[in-house]
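See below for the structure under consideration.
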2 protein chains.
Amino acid sequence: MRKTYLLTPGPTPIPESISALFAKPIIHHRTPAFQNLFEEVRHGLKYLYQTKGEVLLLTTTGTGAMETAITNLFQKGQKVITINGGKFGERWTQLAQTFGLHPIEIALPPGDALEPAALEECVIQNPDARAILFQASETSTGVVMPTEDICRIASRAGMLSVCDAITACGVFDLPMDTWGIDVLITGSQKALMLPPGLAMISLSEKAWQAHERADLPRFYFDLSRERHAQTKNQTAWTPAISLIQGLQESLRMIRDEGLHNVFKRHELLAKATRSAVKALHLELLSKKAPSNAVTAVIVPSSISDGKLIPKLMRDKHGVIIAGGQDELEGKIIRLSHFGYCDRFDIITGISALELTLQELGHSFELGHGVRAILKTYSENPKP
Amino acid sequence: MRKTYLLTPGPTPIPESISALFAKPIIHHRTPAFQNLFEEVRHGLKYLYQTKGEVLLLTTTGTGAMETAITNLFQKGQKVITINGGKFGERWTQLAQTFGLHPIEIALPPGDALEPAALEECVIQNPDARAILFQASETSTGVVMPTEDICRIASRAGMLSVCDAITACGVFDLPMDTWGIDVLITGSQKALMLPPGLAMISLSEKAWQAHERADLPRFYFDLSRERHAQTKNQTAWTPAISLIQGLQESLRMIRDEGLHNVFKRHELLAKATRSAVKALHLELLSKKAPSNAVTAVIVPSSISDGKLIPKLMRDKHGVIIAGGQDELEGKIIRLSHFGYCDRFDIITGISALELTLQELGHSFELGHGVRAILKTYSENPKP
């Protein structure tokens with residue numbers, strides 16, 4: 001017998017009630033049955049996004065939705081500000097370059113969050129920039145970015161705030177309309193607890209106006225076509241029907257738990273994880289702004305090959321966590337705590353980490369990580 | 001109790017053994033378990049495509065893969081020949097225009113297949129065209145196009161043959177390497193018997209050479225990135241993992257049945273469907289080249305509102321067939337007979353059609369359609 005536990009920032013575990021749905025026969029997408037389902041999903045997505053606007057579904061993964069934002073909002077040669085706090089921030093810069101925009105990049109050391117003052121300075125230096133492209137949570141470093149500040153700065157400067165919330169939407173509070181987020185993007189395999197293959201994007205009125213003027217070529221990802229179809233409970237192209245059937249259930253689960261209770265659960269799990277990290281004499285990569293989605297932990301100097309930690313956790317204990325990517329490979333590990341994740345999943349993850357750290361010779365008191373979690377739980381009633 | 005039967009050209013019914021797989025826990029895509037699965041899938045796709053080359057997976061639907069062909073093969077302003085035999089042929093023209101190519105369109109009346117002589121003439125008139133873009137089977141009209149002839153003409157003229165085989169690959173014989181198809185595209189929700197959300201594309205050596213020179217902007221759909229990753233059993237972006245798990249099973253099913261036996265089964269089902277159409281005093285839209293994927297039938301003049309046929313079949317009998325699209329709406333119906341479809345599914349479809357035609361006052365002898373099918377089966381042993 002071998003049980004497997006998925007504690008990665010996407011894909012996240014799929015609730016059994018959703019998995020079971022995928023075993024049902026497929027329905028056709030040009031039928032009233034699909035349209036009824038789609039109508040409910042549209043309402044559920046507006047609740048998730050905290051918006052009155054339309055949230056459009058795309059059959060793609062997160063990067064496809066980021067590309068969609070680029071090609072649907074801008075004109076060739078326009079300047080944009082990108083906030084590069086890691087692998088996904090860097091992707092905004094690459095996308096902007098690929099499609100002929102002129103990105104001004106604010107590059108942050110790994111683990112650092114954006115300082116609003118630095119962005120304000122950049123905006124003053126580049127008043128002709130059309131948008132600020134950023135991550136609400138940078139998955140590669142476990143850092144939460146100051147979305148509300150960024151939106152305020154963007155709004156004052158007449159720029160669009162374009163927010164990759166792929167590992168943030170449904171994890172912590174990002175009220176789209178209240179904060180004035182102009183473009184909000186997420187994906188199915190994160191807080192929505194589904195397999196990868198669906199992405200969502202919503203545009204503010206200001207963003208739709210920019211879309212009217214946008215001249216970059218687009219076809220599959222054209223949002224005019226999608227808005228036209230989806231407001232009639234259809235899609236422009238054949239959609240990922242089975243994932244949309246699952247989405248109906250995951251949105252129901254989020255509504256049943258209550259969106260703000262979901263956020264509180266994630267907050268508690270993140271807090272517990274961070275308390276365990278400290279108790280194990282480990283250091284967070286992000287000192288000031290650790291994300292409630294994923295905790296990035298620096299591999300201690302006592303362990304020479306940091307890639308061994310996720311490998312041993314997976315091979316010996318069946319617990320899948322993420323390592324670092326690109327220049328952070330071998331230097332950090334990342335423990336995820338959102339989506340279909342409860343208090344005991346965190347205990348499982350830290351237990352496997354303790355066993356692995358001991359095997360690798362790291363110095364700490366076995367059981368202290370788990371004890372810190374239990375202490376956190378006993379001090380913070382279940383949300 | 002209400003049973004539903006799906007006889008549409010995508011999505012097609014999903015085998016129970018595949019649906020059951022979707023209820024299993026998801027696996028992470030950066031693990032040895034996924035890489036082993038992916039390795040097997042790559043071999044299975046080469047068998048399906050009848051190619052030694054790499055068949056790349058994309059998390060998108062068919063239109064996204066068509067866009068991928070356009071942006072990965074050409075340079076801005078290049079001329080291409082498009083064969084527009086219906087809605088999907090028209091899409092090649094639209095895509096070419098959208099991305100700044102110069103399409104020369106051969107427009108065919110609905111139901112007509114391409115005459116190779118007409119293409120040869122067009123090639124002579126446009127020796128500077130870089131490619132011929134076409135459908136192996138035009139789903140909107142139920143017409144099979146002369147793929148082998150098109151490839152021969154393209155090859156002689158030094159052009160690329162770019163084949164949308166979304167409802168053709170795995171339906172009838174399209175040996176990529178033998179016929180010299182330069183680009184072959186398909187999607188998951190057709191002969192592969194999966195939900196929509198995955199597409200496949202393979203390039204010949206000649207097409208990869210064109211890719212090296214291509215200068216249209218692309219990021220999510222960039223084939224260099226995908227080839228680099230997929231030959232190492234990875235994907236550039238997070239893939240539609242659950243669909244790839246299903247793909248492993250569907251490719252096993254195709255291999256177990258034998259690719260050419262699959263083709264023979266489709267041929268028999270198509271033949272039986274056409275025999276029933278004739279027996280019911282109905283007319284095929286395609287006189288000369290009906291496709292073995294889908295049979296398009298002209299709505300008889302005795303029925304004023306052709307849209308009623310699919311509607312009644314669905315609402316009264318639970319049998320979902322497709323109607324016509326765009327200018328063919330209300331003028332044709334389309335019965336699909338590929339994928340997870342056996343001899344008795346055809347009898348079910350024609351039975352429901354007979355009941356519906358009778359209700360709508362069409363003049364024919366009840367039961368003659370089904371009788372024609374049984375006659376076809378008894379004369380043609382099960383493949």
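A note on labels: chains of the structure tokens are A, B, ... as shown, every chain counts residues from 1, and ligands are counted from 1 in their shown order.
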What are the coordinates of chain B as a short mmCIF file (atom, residue, chain, number, x, y, z; two decimals) with C-alpha atoms, in the first residue's frame following a least-squares fit to chain A on all in-order C-alpha atoms?
data_model
loop_
_atom_site.label_atom_id
_atom_site.label_comp_id
_atom_site.auth_asym_id
_atom_site.auth_seq_id
_atom_site.Cartn_x
_atom_site.Cartn_y
_atom_site.Cartn_z
CA MET B 1 0.02 0.01 0.01
CA ARG B 2 1.31 3.44 -0.85
CA LYS B 3 -0.65 6.62 -0.27
CA THR B 4 0.38 9.76 -2.10
CA TYR B 5 -0.04 13.29 -0.80
CA LEU B 6 0.13 16.27 -3.13
CA LEU B 7 1.39 19.46 -1.49
CA THR B 8 2.45 21.30 -4.65
CA PRO B 9 1.28 24.72 -5.82
CA GLY B 10 -0.55 23.29 -8.83
CA PRO B 11 -1.85 20.79 -9.54
CA THR B 12 -3.44 20.63 -6.12
CA PRO B 13 -5.43 17.62 -4.90
CA ILE B 14 -8.86 17.15 -6.44
CA PRO B 15 -11.80 16.59 -4.09
CA GLU B 16 -13.30 13.11 -4.42
CA SER B 17 -16.71 14.59 -5.22
CA ILE B 18 -15.20 16.36 -8.24
CA SER B 19 -13.13 13.39 -9.41
CA ALA B 20 -16.27 11.28 -9.34
CA LEU B 21 -17.96 13.76 -11.70
CA PHE B 22 -15.28 13.20 -14.30
CA ALA B 23 -16.40 9.57 -14.53
CA LYS B 24 -19.82 10.68 -15.78
CA PRO B 25 -20.63 10.68 -19.51
CA ILE B 26 -19.64 13.83 -21.35
CA ILE B 27 -22.33 16.27 -22.45
CA HIS B 28 -22.33 18.18 -25.73
CA HIS B 29 -21.47 21.86 -25.49
CA ARG B 30 -24.20 23.04 -27.88
CA THR B 31 -27.12 21.83 -25.75
CA PRO B 32 -29.44 23.39 -23.15
CA ALA B 33 -27.86 21.10 -20.50
CA PHE B 34 -24.47 22.70 -21.08
CA GLN B 35 -25.94 26.19 -21.20
CA ASN B 36 -27.61 25.73 -17.81
CA LEU B 37 -24.36 24.48 -16.34
CA PHE B 38 -22.46 27.37 -17.89
CA GLU B 39 -24.90 29.93 -16.53
CA GLU B 40 -24.33 28.64 -12.99
CA VAL B 41 -20.56 28.60 -13.53
CA ARG B 42 -20.62 32.23 -14.68
CA HIS B 43 -22.39 33.26 -11.47
CA GLY B 44 -19.97 31.23 -9.38
CA LEU B 45 -16.96 32.82 -11.04
CA LYS B 46 -18.29 36.31 -10.37
CA TYR B 47 -18.61 35.36 -6.70
CA LEU B 48 -15.04 34.03 -6.69
CA TYR B 49 -13.69 37.13 -8.44
CA GLN B 50 -15.85 39.48 -6.35
CA THR B 51 -16.87 41.28 -9.51
CA LYS B 52 -20.04 42.28 -11.32
CA GLY B 53 -18.20 41.90 -14.62
CA GLU B 54 -18.00 38.84 -16.80
CA VAL B 55 -15.34 36.23 -16.01
CA LEU B 56 -14.40 34.49 -19.26
CA LEU B 57 -13.28 30.88 -19.50
CA LEU B 58 -10.45 29.82 -21.79
CA THR B 59 -9.39 26.28 -22.65
CA THR B 60 -5.71 26.72 -21.89
CA THR B 61 -3.43 26.88 -18.86
CA GLY B 62 -2.20 29.95 -16.98
CA THR B 63 0.45 31.04 -19.46
CA GLY B 64 -2.15 31.04 -22.23
CA ALA B 65 -4.30 33.40 -20.17
CA MET B 66 -1.31 35.69 -19.54
CA GLU B 67 -0.70 35.78 -23.30
CA THR B 68 -4.40 36.56 -23.75
CA ALA B 69 -4.03 39.63 -21.53
CA ILE B 70 -1.06 40.85 -23.56
CA THR B 71 -2.54 40.39 -27.03
CA ASN B 72 -5.98 41.70 -26.08
CA LEU B 73 -5.02 44.91 -24.28
CA PHE B 74 -2.16 46.56 -26.11
CA GLN B 75 -0.92 48.09 -29.31
CA LYS B 76 2.42 47.24 -30.82
CA GLY B 77 5.30 49.19 -29.27
CA GLN B 78 3.41 50.31 -26.17
CA LYS B 79 5.29 50.52 -22.93
CA VAL B 80 4.31 48.40 -19.92
CA ILE B 81 5.81 48.01 -16.44
CA THR B 82 6.47 44.43 -15.35
CA ILE B 83 7.20 43.38 -11.79
CA ASN B 84 9.66 40.51 -11.85
CA GLY B 85 9.76 38.84 -8.45
CA GLY B 86 10.57 35.42 -9.88
CA LYS B 87 9.86 32.98 -12.67
CA PHE B 88 6.30 34.12 -13.28
CA GLY B 89 7.04 37.82 -13.13
CA GLU B 90 9.81 37.19 -15.63
CA ARG B 91 7.19 35.57 -17.86
CA TRP B 92 5.32 38.89 -18.11
CA THR B 93 8.50 40.47 -19.42
CA GLN B 94 9.08 37.67 -21.92
CA LEU B 95 5.49 37.81 -23.13
CA ALA B 96 5.62 41.58 -23.52
CA GLN B 97 8.85 41.32 -25.53
CA THR B 98 7.54 38.47 -27.69
CA PHE B 99 4.50 40.46 -28.79
CA GLY B 100 6.36 43.66 -29.55
CA LEU B 101 5.69 45.67 -26.42
CA HIS B 102 8.32 47.67 -24.59
CA PRO B 103 8.56 46.29 -21.04
CA ILE B 104 10.15 48.28 -18.22
CA GLU B 105 11.02 45.65 -15.66
CA ILE B 106 11.27 46.11 -11.92
CA ALA B 107 13.47 43.16 -10.95
CA LEU B 108 13.35 42.06 -7.32
CA PRO B 109 15.79 39.80 -5.50
CA PRO B 110 14.25 36.34 -4.93
CA GLY B 111 12.01 36.43 -1.87
CA ASP B 112 11.46 40.17 -1.87
CA ALA B 113 8.08 41.75 -2.34
CA LEU B 114 7.58 44.95 -4.28
CA GLU B 115 7.99 48.17 -2.31
CA PRO B 116 5.16 50.47 -3.44
CA ALA B 117 7.56 53.42 -3.37
CA ALA B 118 9.75 51.74 -5.98
CA LEU B 119 6.73 51.30 -8.23
CA GLU B 120 5.66 54.90 -7.71
CA GLU B 121 9.12 56.03 -8.75
CA CYS B 122 9.00 53.82 -11.85
CA VAL B 123 5.60 55.20 -12.78
CA ILE B 124 6.91 58.75 -12.50
CA GLN B 125 9.84 57.84 -14.75
CA ASN B 126 7.53 56.13 -17.25
CA PRO B 127 4.31 58.11 -17.41
CA ASP B 128 3.67 56.73 -20.89
CA ALA B 129 3.43 53.12 -19.67
CA ARG B 130 0.02 51.64 -20.30
CA ALA B 131 -0.14 49.00 -17.62
CA ILE B 132 1.49 47.37 -14.62
CA LEU B 133 1.79 43.60 -15.00
CA PHE B 134 2.34 41.63 -11.81
CA GLN B 135 1.63 38.52 -9.75
CA ALA B 136 -0.65 38.70 -6.71
CA SER B 137 1.42 35.82 -5.36
CA GLU B 138 4.74 34.87 -6.96
CA THR B 139 4.65 31.08 -6.84
CA SER B 140 8.34 30.57 -7.51
CA THR B 141 9.36 32.45 -4.34
CA GLY B 142 6.30 32.24 -2.10
CA VAL B 143 5.91 36.00 -1.95
CA VAL B 144 2.68 37.96 -1.77
CA MET B 145 2.72 41.24 -3.70
CA PRO B 146 0.88 44.39 -2.53
CA THR B 147 -1.98 44.13 -5.02
CA GLU B 148 -4.14 46.85 -3.48
CA ASP B 149 -1.23 49.34 -3.53
CA ILE B 150 -0.33 48.40 -7.09
CA CYS B 151 -3.90 48.94 -8.25
CA ARG B 152 -4.08 52.31 -6.50
CA ILE B 153 -0.83 53.45 -8.11
CA ALA B 154 -1.94 52.17 -11.53
CA SER B 155 -5.31 53.86 -11.26
CA ARG B 156 -3.82 57.22 -10.25
CA ALA B 157 -1.42 57.05 -13.19
CA GLY B 158 -4.16 56.06 -15.64
CA MET B 159 -2.52 52.68 -16.19
CA LEU B 160 -4.13 49.26 -16.20
CA SER B 161 -3.41 46.86 -13.33
CA VAL B 162 -2.99 43.39 -14.84
CA CYS B 163 -2.88 40.77 -12.11
CA ASP B 164 -1.76 37.18 -12.55
CA ALA B 165 -3.66 35.64 -9.63
CA ILE B 166 -3.13 32.07 -10.80
CA THR B 167 -2.06 30.94 -7.32
CA ALA B 168 -3.87 33.72 -5.49
CA CYS B 169 -7.49 33.98 -6.62
CA GLY B 170 -9.50 31.90 -4.16
CA VAL B 171 -6.47 31.64 -1.87
CA PHE B 172 -6.64 35.06 -0.24
CA ASP B 173 -8.75 38.16 -0.60
CA LEU B 174 -8.51 39.92 -3.99
CA PRO B 175 -11.77 41.84 -4.37
CA MET B 176 -11.59 42.76 -8.04
CA ASP B 177 -14.16 45.55 -8.14
CA THR B 178 -13.36 47.07 -4.72
CA TRP B 179 -9.64 47.25 -5.35
CA GLY B 180 -10.01 48.19 -9.00
CA ILE B 181 -8.05 45.29 -10.42
CA ASP B 182 -8.34 45.84 -14.18
CA VAL B 183 -7.46 42.33 -15.31
CA LEU B 184 -7.62 39.29 -13.06
CA ILE B 185 -6.38 35.90 -14.24
CA THR B 186 -6.52 32.47 -12.65
CA GLY B 187 -6.33 28.80 -13.57
CA SER B 188 -8.21 25.61 -12.78
CA GLN B 189 -5.48 23.57 -11.08
CA LYS B 190 -4.99 25.94 -8.13
CA ALA B 191 -7.56 27.10 -5.58
CA LEU B 192 -10.29 25.77 -7.87
CA MET B 193 -9.12 22.23 -7.09
CA LEU B 194 -9.44 20.96 -10.68
CA PRO B 195 -7.03 19.38 -13.15
CA PRO B 196 -5.12 21.86 -15.33
CA GLY B 197 -6.60 22.87 -18.66
CA LEU B 198 -8.92 25.80 -17.94
CA ALA B 199 -8.06 29.42 -17.28
CA MET B 200 -10.22 32.41 -16.36
CA ILE B 201 -9.84 36.10 -17.12
CA SER B 202 -11.94 39.11 -16.26
CA LEU B 203 -11.57 42.66 -17.53
CA SER B 204 -12.74 45.93 -15.97
CA GLU B 205 -14.56 48.48 -18.10
CA LYS B 206 -11.28 50.38 -18.47
CA ALA B 207 -9.59 47.21 -19.70
CA TRP B 208 -12.38 46.54 -22.21
CA GLN B 209 -11.83 50.06 -23.54
CA ALA B 210 -8.14 49.29 -24.02
CA HIS B 211 -9.19 46.06 -25.73
CA GLU B 212 -11.17 48.06 -28.28
CA ARG B 213 -7.97 49.85 -29.31
CA ALA B 214 -5.66 46.81 -29.07
CA ASP B 215 -4.10 45.80 -32.38
CA LEU B 216 -1.95 42.75 -31.65
CA PRO B 217 -2.99 39.71 -33.69
CA ARG B 218 -5.07 37.13 -31.83
CA PHE B 219 -7.58 34.48 -32.83
CA TYR B 220 -7.90 31.53 -30.45
CA PHE B 221 -7.48 33.89 -27.48
CA ASP B 222 -9.65 36.72 -28.82
CA LEU B 223 -11.73 38.05 -25.94
CA SER B 224 -14.34 39.84 -28.07
CA ARG B 225 -15.34 36.50 -29.56
CA GLU B 226 -15.42 34.89 -26.12
CA ARG B 227 -17.43 37.67 -24.50
CA HIS B 228 -19.94 37.57 -27.33
CA ALA B 229 -20.37 33.80 -26.93
CA GLN B 230 -20.10 33.43 -23.17
CA THR B 231 -22.68 36.05 -22.28
CA LYS B 232 -25.01 33.72 -24.21
CA ASN B 233 -23.75 30.71 -22.20
CA GLN B 234 -21.69 29.46 -25.11
CA THR B 235 -17.98 29.50 -25.93
CA ALA B 236 -16.28 30.63 -29.11
CA TRP B 237 -14.48 27.31 -29.55
CA THR B 238 -15.14 23.80 -28.25
CA PRO B 239 -14.38 24.16 -24.54
CA ALA B 240 -12.84 21.73 -22.03
CA ILE B 241 -16.33 20.45 -21.20
CA SER B 242 -15.39 17.94 -18.50
CA LEU B 243 -13.35 20.51 -16.58
CA ILE B 244 -16.27 22.94 -16.74
CA GLN B 245 -18.50 20.19 -15.28
CA GLY B 246 -15.97 19.90 -12.45
CA LEU B 247 -15.84 23.67 -12.08
CA GLN B 248 -19.54 23.77 -11.33
CA GLU B 249 -18.91 21.52 -8.32
CA SER B 250 -15.78 23.32 -7.11
CA LEU B 251 -17.55 26.68 -7.23
CA ARG B 252 -20.42 25.16 -5.23
CA MET B 253 -17.92 23.92 -2.63
CA ILE B 254 -16.36 27.38 -2.34
CA ARG B 255 -19.75 28.99 -1.99
CA ASP B 256 -20.81 26.44 0.63
CA GLU B 257 -17.68 27.01 2.70
CA GLY B 258 -17.92 30.76 2.11
CA LEU B 259 -15.22 32.60 0.20
CA HIS B 260 -13.89 34.40 3.27
CA ASN B 261 -13.84 31.18 5.28
CA VAL B 262 -11.76 29.65 2.51
CA PHE B 263 -9.31 32.55 2.89
CA LYS B 264 -9.21 32.07 6.69
CA ARG B 265 -8.50 28.36 6.28
CA HIS B 266 -5.58 29.12 3.95
CA GLU B 267 -4.29 31.76 6.37
CA LEU B 268 -4.30 29.27 9.25
CA LEU B 269 -2.58 26.56 7.23
CA ALA B 270 0.09 29.01 6.06
CA LYS B 271 0.63 30.27 9.61
CA ALA B 272 0.96 26.71 10.89
CA THR B 273 3.45 25.86 8.15
CA ARG B 274 5.56 28.91 8.96
CA SER B 275 5.52 28.08 12.67
CA ALA B 276 6.82 24.59 11.85
CA VAL B 277 9.55 25.97 9.61
CA LYS B 278 10.79 28.15 12.46
CA ALA B 279 10.63 25.27 14.95
CA LEU B 280 12.76 23.15 12.60
CA HIS B 281 15.49 25.83 12.52
CA LEU B 282 14.76 26.62 8.92
CA GLU B 283 14.44 29.98 7.26
CA LEU B 284 11.70 31.36 5.01
CA LEU B 285 12.83 32.72 1.65
CA SER B 286 10.41 35.59 2.10
CA LYS B 287 11.15 37.51 5.29
CA LYS B 288 8.56 40.23 4.98
CA ALA B 289 5.76 39.00 2.76
CA PRO B 290 5.31 35.24 2.78
CA SER B 291 2.33 34.16 0.71
CA ASN B 292 -0.60 32.23 2.15
CA ALA B 293 -0.53 30.08 -1.00
CA VAL B 294 2.90 28.52 -0.77
CA THR B 295 5.76 28.63 1.74
CA ALA B 296 9.26 28.76 0.26
CA VAL B 297 11.91 27.51 2.66
CA ILE B 298 15.66 27.95 2.25
CA VAL B 299 17.57 24.67 2.17
CA PRO B 300 19.84 24.74 5.25
CA SER B 301 23.58 24.94 4.60
CA SER B 302 23.98 21.58 6.40
CA ILE B 303 22.36 19.90 3.37
CA SER B 304 24.58 20.10 0.33
CA ASP B 305 22.11 18.85 -2.30
CA GLY B 306 18.79 20.59 -1.73
CA LYS B 307 17.11 18.65 -4.53
CA LEU B 308 17.33 15.58 -2.29
CA ILE B 309 14.62 16.89 0.04
CA PRO B 310 11.67 16.76 -2.40
CA LYS B 311 13.09 13.59 -3.96
CA LEU B 312 13.28 11.69 -0.66
CA MET B 313 9.94 13.02 0.54
CA ARG B 314 8.37 11.73 -2.66
CA ASP B 315 10.19 8.42 -3.02
CA LYS B 316 10.26 7.35 0.63
CA HIS B 317 7.11 8.95 1.97
CA GLY B 318 4.81 9.61 -0.99
CA VAL B 319 4.62 13.32 -0.15
CA ILE B 320 5.04 15.50 -3.23
CA ILE B 321 6.32 19.01 -2.63
CA ALA B 322 7.99 21.40 -5.06
CA GLY B 323 11.64 22.38 -5.20
CA GLY B 324 13.05 25.63 -6.52
CA GLN B 325 12.97 26.54 -10.20
CA ASP B 326 15.75 27.89 -12.43
CA GLU B 327 18.35 29.71 -10.30
CA LEU B 328 16.57 28.63 -7.12
CA GLU B 329 16.82 24.92 -8.01
CA GLY B 330 18.30 23.02 -5.07
CA LYS B 331 18.24 26.16 -2.93
CA ILE B 332 14.65 26.17 -1.70
CA ILE B 333 11.73 23.84 -1.18
CA ARG B 334 8.11 24.91 -1.51
CA LEU B 335 5.22 23.61 0.58
CA SER B 336 1.78 24.42 -0.73
CA HIS B 337 -1.24 24.91 1.53
CA PHE B 338 -4.24 25.89 -0.53
CA GLY B 339 -7.06 24.30 -2.44
CA TYR B 340 -8.35 20.97 -1.19
CA CYS B 341 -5.99 21.06 1.76
CA ASP B 342 -6.92 20.78 5.42
CA ARG B 343 -5.14 20.97 8.79
CA PHE B 344 -3.96 17.37 8.78
CA ASP B 345 -2.45 17.62 5.30
CA ILE B 346 -0.06 20.19 6.76
CA ILE B 347 0.84 17.81 9.59
CA THR B 348 1.49 15.09 7.02
CA GLY B 349 3.72 17.37 4.97
CA ILE B 350 5.76 18.58 7.93
CA SER B 351 6.03 15.03 9.35
CA ALA B 352 7.55 13.81 6.09
CA LEU B 353 9.83 16.83 6.01
CA GLU B 354 11.02 16.13 9.56
CA LEU B 355 11.83 12.50 8.73
CA THR B 356 13.69 13.61 5.63
CA LEU B 357 15.65 16.38 7.32
CA GLN B 358 16.73 13.97 10.02
CA GLU B 359 17.91 11.48 7.44
CA LEU B 360 19.91 14.21 5.73
CA GLY B 361 21.58 15.20 9.00
CA HIS B 362 19.92 18.54 9.64
CA SER B 363 20.10 19.48 13.31
CA PHE B 364 16.73 19.92 15.04
CA GLU B 365 14.51 18.23 17.59
CA LEU B 366 12.32 15.62 15.92
CA GLY B 367 8.63 16.39 16.39
CA HIS B 368 9.07 20.09 17.05
CA GLY B 369 7.67 21.03 13.68
CA VAL B 370 4.49 19.08 14.20
CA ARG B 371 4.25 20.37 17.77
CA ALA B 372 4.38 23.94 16.52
CA ILE B 373 1.55 23.21 14.10
CA LEU B 374 -0.62 21.68 16.82
CA LYS B 375 0.08 24.69 19.01
CA THR B 376 -1.00 27.00 16.20
CA TYR B 377 -4.19 25.01 15.71
CA SER B 378 -5.03 24.97 19.39
CA GLU B 379 -4.55 28.73 19.61
CA ASN B 380 -6.54 29.40 16.44
CA PRO B 381 -9.95 27.74 16.32
CA LYS B 382 -10.85 26.07 13.04
CA PRO B 383 -12.32 28.73 10.76
#
Alpha helix (DSSP H) positions in stretch 118-243 of chain B, given as an MDAnalysis selection string: chainID B and resid 118:125 147:156 176:179 205:213 223:230 241:243
Strand (DSSP E) positions in stretch 143-287 of chain B, given as a list in words: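 Matching residues, listed in order: Val143, Val144, Leu160, Ser161, Val162, Cys163, Asp164, Val183, Leu184, Ile185, Thr186, Gly187, Ala199, Met200, Ile201, Ser202, Leu203, Glu283 and Leu284 of chain B.
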